[in-house]
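Everything below concerns the one structure shown next.
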Amino acid sequence: MANNGTISQRKLVGYATNVEITDGDGAYDTIAEVAALIEAGTGSASFHKIWEMTVPAQQIIRWGTGSANQQRNQGFMSFNALDVGTGFEEGIVRLVVANARETRVVVVREVNTQRLHTVTTTAIGAVPVDINEMVALPEQTGSPAVGEDSKLQIWFKTTIPTTTVDSAGFSIPATIYQ
């Protein structure tokens, strides 16, 4: 307790991380599940959920890391959905935050997937490694952070389909406050 008899508030500290497929909830935590969800939405003119992560207890999470005014301090993202050896399923990736019951859903950012991968049609080769060619995602301070039981989600809309989506991958920056 503080000297004035009140409980002191400690400042939350943010830690940079990247979320990947394996961080997702049960139905969204494997490459096969995410690839199947992307494939299932091919031909649809609307966005559909392809990944979700429930925020653990005692954490607050926001999409993005670092600051836009410090170029090398911000997070960089990648995303690919592909028919290995053939081509990419191109579209729009939508980063979303939602409350536990999904009655409040907020779109944080949308990005065209053509900027989020290389031209190599292998699961490993599709991931960009040159920071100068990657898309930055600084912490999205203008959008809400979500707490325990709320959700980070990724929605997708296909614009250029491939034959069959049989592989997917992403690495998207997020800031965890504890």
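For the structure tokens, the naming scheme is as follows: chains receive sequential letters (A, B, ...) according to their order of presentation, residues are indexed from 1 within each chain, and ligands are indexed from 1 in presentation order.
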
Residues near segment 155-166 of chain A, anyone? I mean within 8 Å using only C-alpha atoms, not counting same-chain ones fewer than 2 positions away, as a PDB file with N, CA and C atoms, in the first residue's frame.
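And here is the file that came out, selection-v2.pdb:
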ATOM      1  N   ALA A  32      -2.759 -26.858 -41.421  1.00  0.00           N
ATOM      2  CA  ALA A  32      -3.847 -27.519 -42.153  1.00  0.00           C
ATOM      3  C   ALA A  32      -5.196 -26.866 -41.873  1.00  0.00           C
ATOM      4  N   ALA A  35      -5.181 -23.292 -43.531  1.00  0.00           N
ATOM      5  CA  ALA A  35      -5.235 -23.444 -44.994  1.00  0.00           C
ATOM      6  C   ALA A  35      -6.635 -23.875 -45.435  1.00  0.00           C
ATOM      7  N   ALA A  36      -7.261 -24.790 -44.696  1.00  0.00           N
ATOM      8  CA  ALA A  36      -8.615 -25.249 -45.033  1.00  0.00           C
ATOM      9  C   ALA A  36      -9.632 -24.117 -44.908  1.00  0.00           C
ATOM     10  N   ILE A  38      -8.990 -20.877 -45.258  1.00  0.00           N
ATOM     11  CA  ILE A  38      -8.753 -19.968 -46.387  1.00  0.00           C
ATOM     12  C   ILE A  38      -9.372 -20.556 -47.651  1.00  0.00           C
ATOM     13  N   GLU A  39      -9.114 -21.842 -47.902  1.00  0.00           N
ATOM     14  CA  GLU A  39      -9.655 -22.524 -49.073  1.00  0.00           C
ATOM     15  C   GLU A  39     -11.185 -22.511 -49.069  1.00  0.00           C
ATOM     16  N   GLY A  41     -13.158 -20.316 -48.019  1.00  0.00           N
ATOM     17  CA  GLY A  41     -13.687 -19.000 -48.354  1.00  0.00           C
ATOM     18  C   GLY A  41     -13.427 -18.567 -49.780  1.00  0.00           C
ATOM     19  N   THR A  42     -12.651 -19.360 -50.537  1.00  0.00           N
ATOM     20  CA  THR A  42     -12.359 -19.017 -51.929  1.00  0.00           C
ATOM     21  C   THR A  42     -13.670 -18.928 -52.703  1.00  0.00           C
ATOM     22  N   GLY A  43     -13.821 -17.868 -53.457  1.00  0.00           N
ATOM     23  CA  GLY A  43     -15.041 -17.674 -54.227  1.00  0.00           C
ATOM     24  C   GLY A  43     -16.054 -16.806 -53.508  1.00  0.00           C
ATOM     25  N   SER A  44     -15.858 -16.589 -52.224  1.00  0.00           N
ATOM     26  CA  SER A  44     -16.753 -15.726 -51.460  1.00  0.00           C
ATOM     27  C   SER A  44     -16.328 -14.276 -51.643  1.00  0.00           C
ATOM     28  N   ALA A  45     -17.300 -13.400 -51.709  1.00  0.00           N
ATOM     29  CA  ALA A  45     -16.995 -11.976 -51.877  1.00  0.00           C
ATOM     30  C   ALA A  45     -16.831 -11.274 -50.539  1.00  0.00           C
ATOM     31  N   SER A  46     -16.913 -12.015 -49.441  1.00  0.00           N
ATOM     32  CA  SER A  46     -16.837 -11.383 -48.131  1.00  0.00           C
ATOM     33  C   SER A  46     -15.667 -11.927 -47.319  1.00  0.00           C
ATOM     34  N   PHE A  47     -15.350 -11.232 -46.242  1.00  0.00           N
ATOM     35  CA  PHE A  47     -14.299 -11.667 -45.323  1.00  0.00           C
ATOM     36  C   PHE A  47     -14.813 -12.831 -44.473  1.00  0.00           C
ATOM     37  N   HIS A  48     -13.911 -13.728 -44.101  1.00  0.00           N
ATOM     38  CA  HIS A  48     -14.247 -14.819 -43.200  1.00  0.00           C
ATOM     39  C   HIS A  48     -13.074 -15.055 -42.242  1.00  0.00           C
ATOM     40  N   LYS A  49     -13.404 -15.500 -41.045  1.00  0.00           N
ATOM     41  CA  LYS A  49     -12.393 -15.695 -40.011  1.00  0.00           C
ATOM     42  C   LYS A  49     -11.556 -16.925 -40.321  1.00  0.00           C
ATOM     43  N   ILE A  50     -10.209 -16.741 -40.290  1.00  0.00           N
ATOM     44  CA  ILE A  50      -9.300 -17.865 -40.547  1.00  0.00           C
ATOM     45  C   ILE A  50      -8.403 -18.184 -39.344  1.00  0.00           C
ATOM     46  N   TRP A  51      -8.398 -17.298 -38.332  1.00  0.00           N
ATOM     47  CA  TRP A  51      -7.537 -17.533 -37.169  1.00  0.00           C
ATOM     48  C   TRP A  51      -8.061 -16.734 -35.989  1.00  0.00           C
ATOM     49  N   ALA A  81      -0.594 -17.690 -48.150  1.00  0.00           N
ATOM     50  CA  ALA A  81      -1.514 -18.807 -48.349  1.00  0.00           C
ATOM     51  C   ALA A  81      -1.201 -19.309 -49.743  1.00  0.00           C
ATOM     52  N   LEU A  82      -0.808 -20.578 -49.862  1.00  0.00           N
ATOM     53  CA  LEU A  82      -0.348 -21.004 -51.172  1.00  0.00           C
ATOM     54  C   LEU A  82      -0.667 -22.443 -51.494  1.00  0.00           C
ATOM     55  N   ASP A  83      -0.646 -22.715 -52.777  1.00  0.00           N
ATOM     56  CA  ASP A  83      -0.630 -24.066 -53.318  1.00  0.00           C
ATOM     57  C   ASP A  83       0.847 -24.310 -53.588  1.00  0.00           C
ATOM     58  N   VAL A  84       1.478 -25.099 -52.734  1.00  0.00           N
ATOM     59  CA  VAL A  84       2.932 -25.266 -52.781  1.00  0.00           C
ATOM     60  C   VAL A  84       3.372 -25.661 -54.194  1.00  0.00           C
ATOM     61  N   THR A  86       2.898 -24.071 -56.876  1.00  0.00           N
ATOM     62  CA  THR A  86       2.020 -23.570 -57.948  1.00  0.00           C
ATOM     63  C   THR A  86       1.793 -22.067 -57.876  1.00  0.00           C
ATOM     64  N   GLY A  87       1.267 -21.569 -56.751  1.00  0.00           N
ATOM     65  CA  GLY A  87       0.997 -20.139 -56.658  1.00  0.00           C
ATOM     66  C   GLY A  87       0.346 -19.759 -55.342  1.00  0.00           C
ATOM     67  N   PHE A  88       0.128 -18.462 -55.194  1.00  0.00           N
ATOM     68  CA  PHE A  88      -0.424 -17.893 -53.961  1.00  0.00           C
ATOM     69  C   PHE A  88      -1.913 -17.600 -54.086  1.00  0.00           C
ATOM     70  N   GLU A  89      -2.622 -17.753 -52.997  1.00  0.00           N
ATOM     71  CA  GLU A  89      -4.001 -17.271 -52.865  1.00  0.00           C
ATOM     72  C   GLU A  89      -3.838 -15.837 -52.369  1.00  0.00           C
ATOM     73  N   GLU A  90      -4.148 -14.886 -53.212  1.00  0.00           N
ATOM     74  CA  GLU A  90      -3.989 -13.479 -52.836  1.00  0.00           C
ATOM     75  C   GLU A  90      -5.308 -12.923 -52.319  1.00  0.00           C
ATOM     76  N   GLY A  91      -5.197 -11.927 -51.478  1.00  0.00           N
ATOM     77  CA  GLY A  91      -6.397 -11.323 -50.926  1.00  0.00           C
ATOM     78  C   GLY A  91      -6.069 -10.213 -49.966  1.00  0.00           C
ATOM     79  N   ILE A  92      -7.018  -9.952 -49.095  1.00  0.00           N
ATOM     80  CA  ILE A  92      -6.882  -8.915 -48.078  1.00  0.00           C
ATOM     81  C   ILE A  92      -6.903  -9.585 -46.712  1.00  0.00           C
ATOM     82  N   VAL A  93      -5.881  -9.305 -45.904  1.00  0.00           N
ATOM     83  CA  VAL A  93      -5.811  -9.773 -44.521  1.00  0.00           C
ATOM     84  C   VAL A  93      -6.364  -8.655 -43.653  1.00  0.00           C
ATOM     85  N   ARG A  94      -7.289  -9.005 -42.798  1.00  0.00           N
ATOM     86  CA  ARG A  94      -7.904  -8.032 -41.881  1.00  0.00           C
ATOM     87  C   ARG A  94      -7.560  -8.430 -40.454  1.00  0.00           C
ATOM     88  N   LEU A  95      -6.871  -7.543 -39.734  1.00  0.00           N
ATOM     89  CA  LEU A  95      -6.556  -7.766 -38.323  1.00  0.00           C
ATOM     90  C   LEU A  95      -7.688  -7.195 -37.487  1.00  0.00           C
ATOM     91  N   VAL A  96      -8.198  -8.004 -36.558  1.00  0.00           N
ATOM     92  CA  VAL A  96      -9.413  -7.664 -35.821  1.00  0.00           C
ATOM     93  C   VAL A  96      -9.191  -7.915 -34.335  1.00  0.00           C
ATOM     94  N   GLN A 153      -8.086 -11.690 -33.853  1.00  0.00           N
ATOM     95  CA  GLN A 153      -8.569 -12.486 -34.973  1.00  0.00           C
ATOM     96  C   GLN A 153      -7.941 -12.023 -36.279  1.00  0.00           C
ATOM     97  N   ALA A 168      -0.146 -22.502 -45.367  1.00  0.00           N
ATOM     98  CA  ALA A 168      -0.347 -21.115 -44.929  1.00  0.00           C
ATOM     99  C   ALA A 168       0.644 -20.810 -43.827  1.00  0.00           C
TER     100      ALA A 168
END

All residues 12 Å or closer to Val55 of chain A, only C-alpha atoms, same chain fewer than 2 positions away omitted, as a ChimeraX atom specification: /A:19,23-25,52-53,57-62,97-100,145-153,174-178

Suppose we keep N, CA and C atoms; can you now write the selection as a short mmCIF file (atom, residue, chain, number, x, y, z; two decimals), in the first residue's frame?
data_model
loop_
_atom_site.label_atom_id
_atom_site.label_comp_id
_atom_site.auth_asym_id
_atom_site.auth_seq_id
_atom_site.Cartn_x
_atom_site.Cartn_y
_atom_site.Cartn_z
N VAL A 19 2.72 -13.13 -33.29
CA VAL A 19 1.81 -14.27 -33.23
C VAL A 19 1.91 -15.05 -34.53
N ASP A 23 -0.11 -20.19 -32.24
CA ASP A 23 -0.60 -19.45 -31.07
C ASP A 23 -2.13 -19.42 -31.02
N GLY A 24 -2.79 -19.91 -32.06
CA GLY A 24 -4.24 -19.83 -32.16
C GLY A 24 -4.96 -20.79 -31.22
N ASP A 25 -6.26 -20.54 -31.07
CA ASP A 25 -7.12 -21.44 -30.29
C ASP A 25 -7.24 -22.78 -31.02
N GLU A 52 -7.86 -17.30 -34.79
CA GLU A 52 -8.32 -16.63 -33.57
C GLU A 52 -7.47 -17.07 -32.38
N MET A 53 -7.20 -16.12 -31.50
CA MET A 53 -6.48 -16.40 -30.27
C MET A 53 -7.18 -15.71 -29.12
N ALA A 57 -5.36 -14.97 -19.23
CA ALA A 57 -5.55 -14.20 -18.01
C ALA A 57 -4.35 -13.30 -17.74
N GLN A 58 -4.61 -12.15 -17.19
CA GLN A 58 -3.61 -11.17 -16.76
C GLN A 58 -2.78 -10.61 -17.90
N GLN A 59 -3.34 -10.60 -19.10
CA GLN A 59 -2.65 -9.99 -20.24
C GLN A 59 -3.59 -9.04 -20.96
N ILE A 60 -3.01 -8.03 -21.55
CA ILE A 60 -3.70 -7.12 -22.46
C ILE A 60 -2.85 -7.10 -23.72
N ILE A 61 -3.49 -7.26 -24.88
CA ILE A 61 -2.73 -7.36 -26.13
C ILE A 61 -3.26 -6.36 -27.16
N ARG A 62 -2.35 -5.83 -27.92
CA ARG A 62 -2.70 -4.92 -29.02
C ARG A 62 -1.90 -5.35 -30.24
N VAL A 97 -9.86 -7.12 -33.49
CA VAL A 97 -9.98 -7.42 -32.07
C VAL A 97 -11.47 -7.54 -31.76
N ALA A 98 -11.81 -8.46 -30.86
CA ALA A 98 -13.21 -8.69 -30.52
C ALA A 98 -13.33 -9.00 -29.04
N ASN A 99 -14.48 -8.66 -28.46
CA ASN A 99 -14.70 -9.06 -27.08
C ASN A 99 -15.03 -10.55 -27.05
N ALA A 100 -15.16 -11.12 -25.87
CA ALA A 100 -15.30 -12.57 -25.73
C ALA A 100 -16.50 -13.13 -26.50
N ALA A 145 -6.98 -2.07 -27.20
CA ALA A 145 -6.24 -3.24 -26.74
C ALA A 145 -7.29 -4.17 -26.13
N VAL A 146 -7.04 -5.47 -26.14
CA VAL A 146 -8.02 -6.40 -25.61
C VAL A 146 -7.44 -7.18 -24.45
N GLY A 147 -8.29 -7.48 -23.47
CA GLY A 147 -7.86 -8.17 -22.27
C GLY A 147 -8.37 -9.59 -22.19
N GLU A 148 -8.25 -10.15 -21.01
CA GLU A 148 -8.60 -11.54 -20.74
C GLU A 148 -9.92 -11.97 -21.39
N ASP A 149 -9.90 -13.09 -22.07
CA ASP A 149 -11.03 -13.72 -22.76
C ASP A 149 -11.46 -13.01 -24.03
N SER A 150 -10.91 -11.83 -24.31
CA SER A 150 -11.18 -11.19 -25.60
C SER A 150 -10.34 -11.89 -26.65
N LYS A 151 -10.48 -11.47 -27.92
CA LYS A 151 -9.84 -12.23 -28.99
C LYS A 151 -9.08 -11.36 -29.98
N LEU A 152 -7.94 -11.88 -30.40
CA LEU A 152 -7.26 -11.37 -31.59
C LEU A 152 -7.72 -12.27 -32.73
N GLN A 153 -8.09 -11.69 -33.85
CA GLN A 153 -8.57 -12.49 -34.97
C GLN A 153 -7.94 -12.02 -36.28
N ALA A 174 2.67 -8.16 -32.24
CA ALA A 174 1.68 -7.78 -31.24
C ALA A 174 2.45 -7.34 -29.99
N THR A 175 1.82 -6.52 -29.18
CA THR A 175 2.41 -6.08 -27.92
C THR A 175 1.57 -6.65 -26.77
N ILE A 176 2.23 -7.35 -25.86
CA ILE A 176 1.56 -7.94 -24.69
C ILE A 176 1.90 -7.10 -23.47
N TYR A 177 0.86 -6.65 -22.78
CA TYR A 177 1.05 -5.89 -21.53
C TYR A 177 0.73 -6.79 -20.35
N GLN A 178 1.65 -6.78 -19.36
CA GLN A 178 1.46 -7.59 -18.16
C GLN A 178 1.72 -6.75 -16.93
#

Among the residues of segment 69-160 of chain A, find those DSSP assigns to helix (DSSP H, G or I) from the backbone and print them as a PDB file with C-alpha atoms, in the first residue's frame.
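Written file, result.pdb:
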ATOM      1  CA  GLN A  71      11.459   2.851 -38.324  1.00  0.00           C
ATOM      2  CA  ARG A  72      13.687   0.037 -37.065  1.00  0.00           C
ATOM      3  CA  ASN A  73      11.846  -0.182 -33.744  1.00  0.00           C
ATOM      4  CA  THR A 113      -1.291 -10.064 -49.164  1.00  0.00           C
ATOM      5  CA  GLN A 114       0.743  -9.393 -52.317  1.00  0.00           C
ATOM      6  CA  ARG A 115       2.989  -7.222 -50.140  1.00  0.00           C
ATOM      7  CA  ILE A 131      13.326  -5.886 -43.601  1.00  0.00           C
ATOM      8  CA  ASN A 132      13.396  -3.332 -46.443  1.00  0.00           C
ATOM      9  CA  GLU A 133      10.809  -5.379 -48.355  1.00  0.00           C
TER      10      GLU A 133
END

Proximity to Phe79 of chain A - best of A:Thr141, A:Thr17, A:Thr122, A:Asn112, only C-alpha atoms: A:Asn112

Give the strand (DSSP E) residues of segment 12-158 of chain A, as assigned by DSSP on the backbone, as an mmCIF file with N, CA and C atoms, in the first residue's frame.
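Output below, filename states-v8.cif:
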data_model
loop_
_atom_site.group_PDB
_atom_site.id
_atom_site.type_symbol
_atom_site.label_atom_id
_atom_site.label_comp_id
_atom_site.auth_asym_id
_atom_site.auth_seq_id
_atom_site.Cartn_x
_atom_site.Cartn_y
_atom_site.Cartn_z
ATOM 1 N N GLY A 14 4.904 -3.214 -21.691
ATOM 2 C CA GLY A 14 4.612 -3.905 -22.938
ATOM 3 C C GLY A 14 5.801 -4.696 -23.442
ATOM 4 N N TYR A 15 5.536 -5.900 -23.929
ATOM 5 C CA TYR A 15 6.562 -6.772 -24.482
ATOM 6 C C TYR A 15 6.217 -7.082 -25.928
ATOM 7 N N ALA A 16 7.171 -6.904 -26.806
ATOM 8 C CA ALA A 16 6.963 -7.187 -28.226
ATOM 9 C C ALA A 16 7.006 -8.691 -28.474
ATOM 10 N N THR A 17 6.112 -9.151 -29.333
ATOM 11 C CA THR A 17 6.097 -10.551 -29.734
ATOM 12 C C THR A 17 5.568 -10.636 -31.163
ATOM 13 N N ASN A 18 5.531 -11.801 -31.718
ATOM 14 C CA ASN A 18 4.883 -12.061 -32.997
ATOM 15 C C ASN A 18 3.951 -13.240 -32.796
ATOM 16 N N VAL A 19 2.717 -13.126 -33.292
ATOM 17 C CA VAL A 19 1.809 -14.268 -33.231
ATOM 18 C C VAL A 19 1.915 -15.047 -34.529
ATOM 19 N N HIS A 48 -13.911 -13.728 -44.101
ATOM 20 C CA HIS A 48 -14.247 -14.819 -43.200
ATOM 21 C C HIS A 48 -13.074 -15.055 -42.242
ATOM 22 N N LYS A 49 -13.404 -15.500 -41.045
ATOM 23 C CA LYS A 49 -12.393 -15.695 -40.011
ATOM 24 C C LYS A 49 -11.556 -16.925 -40.321
ATOM 25 N N ILE A 50 -10.209 -16.741 -40.290
ATOM 26 C CA ILE A 50 -9.300 -17.865 -40.547
ATOM 27 C C ILE A 50 -8.403 -18.184 -39.344
ATOM 28 N N TRP A 51 -8.398 -17.298 -38.332
ATOM 29 C CA TRP A 51 -7.537 -17.533 -37.169
ATOM 30 C C TRP A 51 -8.061 -16.734 -35.989
ATOM 31 N N GLU A 52 -7.858 -17.303 -34.786
ATOM 32 C CA GLU A 52 -8.318 -16.626 -33.574
ATOM 33 C C GLU A 52 -7.471 -17.073 -32.385
ATOM 34 N N MET A 53 -7.200 -16.122 -31.504
ATOM 35 C CA MET A 53 -6.475 -16.405 -30.268
ATOM 36 C C MET A 53 -7.178 -15.708 -29.121
ATOM 37 N N THR A 54 -7.551 -16.468 -28.099
ATOM 38 C CA THR A 54 -8.163 -15.897 -26.902
ATOM 39 C C THR A 54 -7.061 -15.371 -25.995
ATOM 40 N N ILE A 60 -3.011 -8.034 -21.550
ATOM 41 C CA ILE A 60 -3.699 -7.116 -22.459
ATOM 42 C C ILE A 60 -2.851 -7.101 -23.718
ATOM 43 N N ILE A 61 -3.488 -7.256 -24.883
ATOM 44 C CA ILE A 61 -2.733 -7.365 -26.131
ATOM 45 C C ILE A 61 -3.264 -6.365 -27.156
ATOM 46 N N ARG A 62 -2.351 -5.826 -27.921
ATOM 47 C CA ARG A 62 -2.698 -4.918 -29.019
ATOM 48 C C ARG A 62 -1.897 -5.351 -30.245
ATOM 49 N N TRP A 63 -2.509 -5.280 -31.443
ATOM 50 C CA TRP A 63 -1.785 -5.587 -32.679
ATOM 51 C C TRP A 63 -0.642 -4.594 -32.875
ATOM 52 N N GLY A 75 7.425 -3.466 -35.516
ATOM 53 C CA GLY A 75 7.327 -4.846 -35.956
ATOM 54 C C GLY A 75 7.053 -4.943 -37.450
ATOM 55 N N PHE A 76 7.407 -6.069 -38.041
ATOM 56 C CA PHE A 76 7.187 -6.309 -39.465
ATOM 57 C C PHE A 76 6.418 -7.615 -39.617
ATOM 58 N N MET A 77 5.505 -7.645 -40.580
ATOM 59 C CA MET A 77 4.623 -8.792 -40.716
ATOM 60 C C MET A 77 4.814 -9.540 -42.028
ATOM 61 N N SER A 78 4.433 -10.819 -42.004
ATOM 62 C CA SER A 78 4.405 -11.633 -43.224
ATOM 63 C C SER A 78 3.144 -12.490 -43.184
ATOM 64 N N PHE A 79 2.677 -12.873 -44.366
ATOM 65 C CA PHE A 79 1.490 -13.727 -44.490
ATOM 66 C C PHE A 79 1.553 -14.418 -45.842
ATOM 67 N N ASN A 80 1.255 -15.708 -45.867
ATOM 68 C CA ASN A 80 1.146 -16.407 -47.142
ATOM 69 C C ASN A 80 0.117 -17.514 -47.056
ATOM 70 N N ALA A 81 -0.594 -17.690 -48.150
ATOM 71 C CA ALA A 81 -1.514 -18.807 -48.349
ATOM 72 C C ALA A 81 -1.201 -19.309 -49.743
ATOM 73 N N LEU A 82 -0.808 -20.578 -49.862
ATOM 74 C CA LEU A 82 -0.348 -21.004 -51.172
ATOM 75 C C LEU A 82 -0.667 -22.443 -51.494
ATOM 76 N N ASP A 83 -0.646 -22.715 -52.777
ATOM 77 C CA ASP A 83 -0.630 -24.066 -53.318
ATOM 78 C C ASP A 83 0.847 -24.310 -53.588
ATOM 79 N N GLY A 87 1.267 -21.569 -56.751
ATOM 80 C CA GLY A 87 0.997 -20.139 -56.658
ATOM 81 C C GLY A 87 0.346 -19.759 -55.342
ATOM 82 N N PHE A 88 0.128 -18.462 -55.194
ATOM 83 C CA PHE A 88 -0.424 -17.893 -53.961
ATOM 84 C C PHE A 88 -1.913 -17.600 -54.086
ATOM 85 N N GLU A 90 -4.148 -14.886 -53.212
ATOM 86 C CA GLU A 90 -3.989 -13.479 -52.836
ATOM 87 C C GLU A 90 -5.308 -12.923 -52.319
ATOM 88 N N GLY A 91 -5.197 -11.927 -51.478
ATOM 89 C CA GLY A 91 -6.397 -11.323 -50.926
ATOM 90 C C GLY A 91 -6.069 -10.213 -49.966
ATOM 91 N N ILE A 92 -7.018 -9.952 -49.095
ATOM 92 C CA ILE A 92 -6.882 -8.915 -48.078
ATOM 93 C C ILE A 92 -6.903 -9.585 -46.712
ATOM 94 N N VAL A 93 -5.881 -9.305 -45.904
ATOM 95 C CA VAL A 93 -5.811 -9.773 -44.521
ATOM 96 C C VAL A 93 -6.364 -8.655 -43.653
ATOM 97 N N ARG A 94 -7.289 -9.005 -42.798
ATOM 98 C CA ARG A 94 -7.904 -8.032 -41.881
ATOM 99 C C ARG A 94 -7.560 -8.430 -40.454
ATOM 100 N N LEU A 95 -6.871 -7.543 -39.734
ATOM 101 C CA LEU A 95 -6.556 -7.766 -38.323
ATOM 102 C C LEU A 95 -7.688 -7.195 -37.487
ATOM 103 N N VAL A 96 -8.198 -8.004 -36.558
ATOM 104 C CA VAL A 96 -9.413 -7.664 -35.821
ATOM 105 C C VAL A 96 -9.191 -7.915 -34.335
ATOM 106 N N VAL A 97 -9.857 -7.120 -33.492
ATOM 107 C CA VAL A 97 -9.982 -7.424 -32.068
ATOM 108 C C VAL A 97 -11.472 -7.541 -31.760
ATOM 109 N N ALA A 98 -11.807 -8.464 -30.858
ATOM 110 C CA ALA A 98 -13.213 -8.691 -30.519
ATOM 111 C C ALA A 98 -13.327 -8.999 -29.035
ATOM 112 N N VAL A 105 -16.761 -6.010 -32.398
ATOM 113 C CA VAL A 105 -15.676 -6.422 -33.286
ATOM 114 C C VAL A 105 -15.113 -5.167 -33.941
ATOM 115 N N VAL A 106 -13.807 -4.956 -33.814
ATOM 116 C CA VAL A 106 -13.174 -3.755 -34.350
ATOM 117 C C VAL A 106 -12.083 -4.152 -35.345
ATOM 118 N N VAL A 107 -12.193 -3.634 -36.553
ATOM 119 C CA VAL A 107 -11.149 -3.849 -37.552
ATOM 120 C C VAL A 107 -10.014 -2.890 -37.245
ATOM 121 N N VAL A 108 -8.806 -3.433 -37.097
ATOM 122 C CA VAL A 108 -7.638 -2.644 -36.739
ATOM 123 C C VAL A 108 -6.846 -2.231 -37.977
ATOM 124 N N ARG A 109 -6.694 -3.165 -38.921
ATOM 125 C CA ARG A 109 -5.887 -2.878 -40.105
ATOM 126 C C ARG A 109 -6.208 -3.878 -41.199
ATOM 127 N N GLU A 110 -6.136 -3.445 -42.445
ATOM 128 C CA GLU A 110 -6.268 -4.331 -43.601
ATOM 129 C C GLU A 110 -5.020 -4.181 -44.460
ATOM 130 N N VAL A 111 -4.502 -5.312 -44.973
ATOM 131 C CA VAL A 111 -3.297 -5.305 -45.788
ATOM 132 C C VAL A 111 -3.483 -6.265 -46.960
ATOM 133 N N ASN A 112 -3.054 -5.838 -48.138
ATOM 134 C CA ASN A 112 -3.064 -6.683 -49.321
ATOM 135 C C ASN A 112 -1.954 -7.720 -49.183
ATOM 136 N N VAL A 135 6.380 -5.341 -44.675
ATOM 137 C CA VAL A 135 5.388 -4.348 -44.287
ATOM 138 C C VAL A 135 5.471 -4.131 -42.773
ATOM 139 N N ALA A 136 5.641 -2.884 -42.386
ATOM 140 C CA ALA A 136 5.732 -2.546 -40.962
ATOM 141 C C ALA A 136 4.353 -2.539 -40.329
ATOM 142 N N LEU A 137 4.298 -2.942 -39.075
ATOM 143 C CA LEU A 137 3.073 -2.853 -38.290
ATOM 144 C C LEU A 137 3.434 -2.324 -36.905
ATOM 145 N N LYS A 151 -10.478 -11.473 -27.917
ATOM 146 C CA LYS A 151 -9.838 -12.228 -28.987
ATOM 147 C C LYS A 151 -9.080 -11.360 -29.978
ATOM 148 N N LEU A 152 -7.940 -11.883 -30.403
ATOM 149 C CA LEU A 152 -7.256 -11.374 -31.590
ATOM 150 C C LEU A 152 -7.720 -12.272 -32.726
ATOM 151 N N GLN A 153 -8.086 -11.690 -33.853
ATOM 152 C CA GLN A 153 -8.569 -12.486 -34.973
ATOM 153 C C GLN A 153 -7.941 -12.023 -36.279
ATOM 154 N N ILE A 154 -7.872 -12.960 -37.233
ATOM 155 C CA ILE A 154 -7.475 -12.627 -38.594
ATOM 156 C C ILE A 154 -8.604 -13.080 -39.512
ATOM 157 N N TRP A 155 -9.073 -12.157 -40.330
ATOM 158 C CA TRP A 155 -10.097 -12.440 -41.323
ATOM 159 C C TRP A 155 -9.440 -12.304 -42.688
ATOM 160 N N PHE A 156 -9.993 -12.991 -43.687
ATOM 161 C CA PHE A 156 -9.374 -13.015 -45.016
ATOM 162 C C PHE A 156 -10.453 -12.967 -46.095
ATOM 163 N N LYS A 157 -10.138 -12.264 -47.162
ATOM 164 C CA LYS A 157 -10.997 -12.244 -48.350
ATOM 165 C C LYS A 157 -10.121 -12.478 -49.568
ATOM 166 N N THR A 158 -10.430 -13.515 -50.345
ATOM 167 C CA THR A 158 -9.664 -13.847 -51.542
ATOM 168 C C THR A 158 -9.967 -12.861 -52.660
#

Best match for closeness to Ala68 of chain A among A:Gly169, A:Pro128, A:Pro138, A:Leu12, counting only C-alpha atoms: A:Pro138

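The coordinates place atom CA of Thr22 of chain A at 23.6 Å from atom CA of Pro144 of chain A.
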
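Between atom CA of Gly125 of chain A and atom CA of Ala27 of chain A the interatomic distance comes to 25.9 Å.
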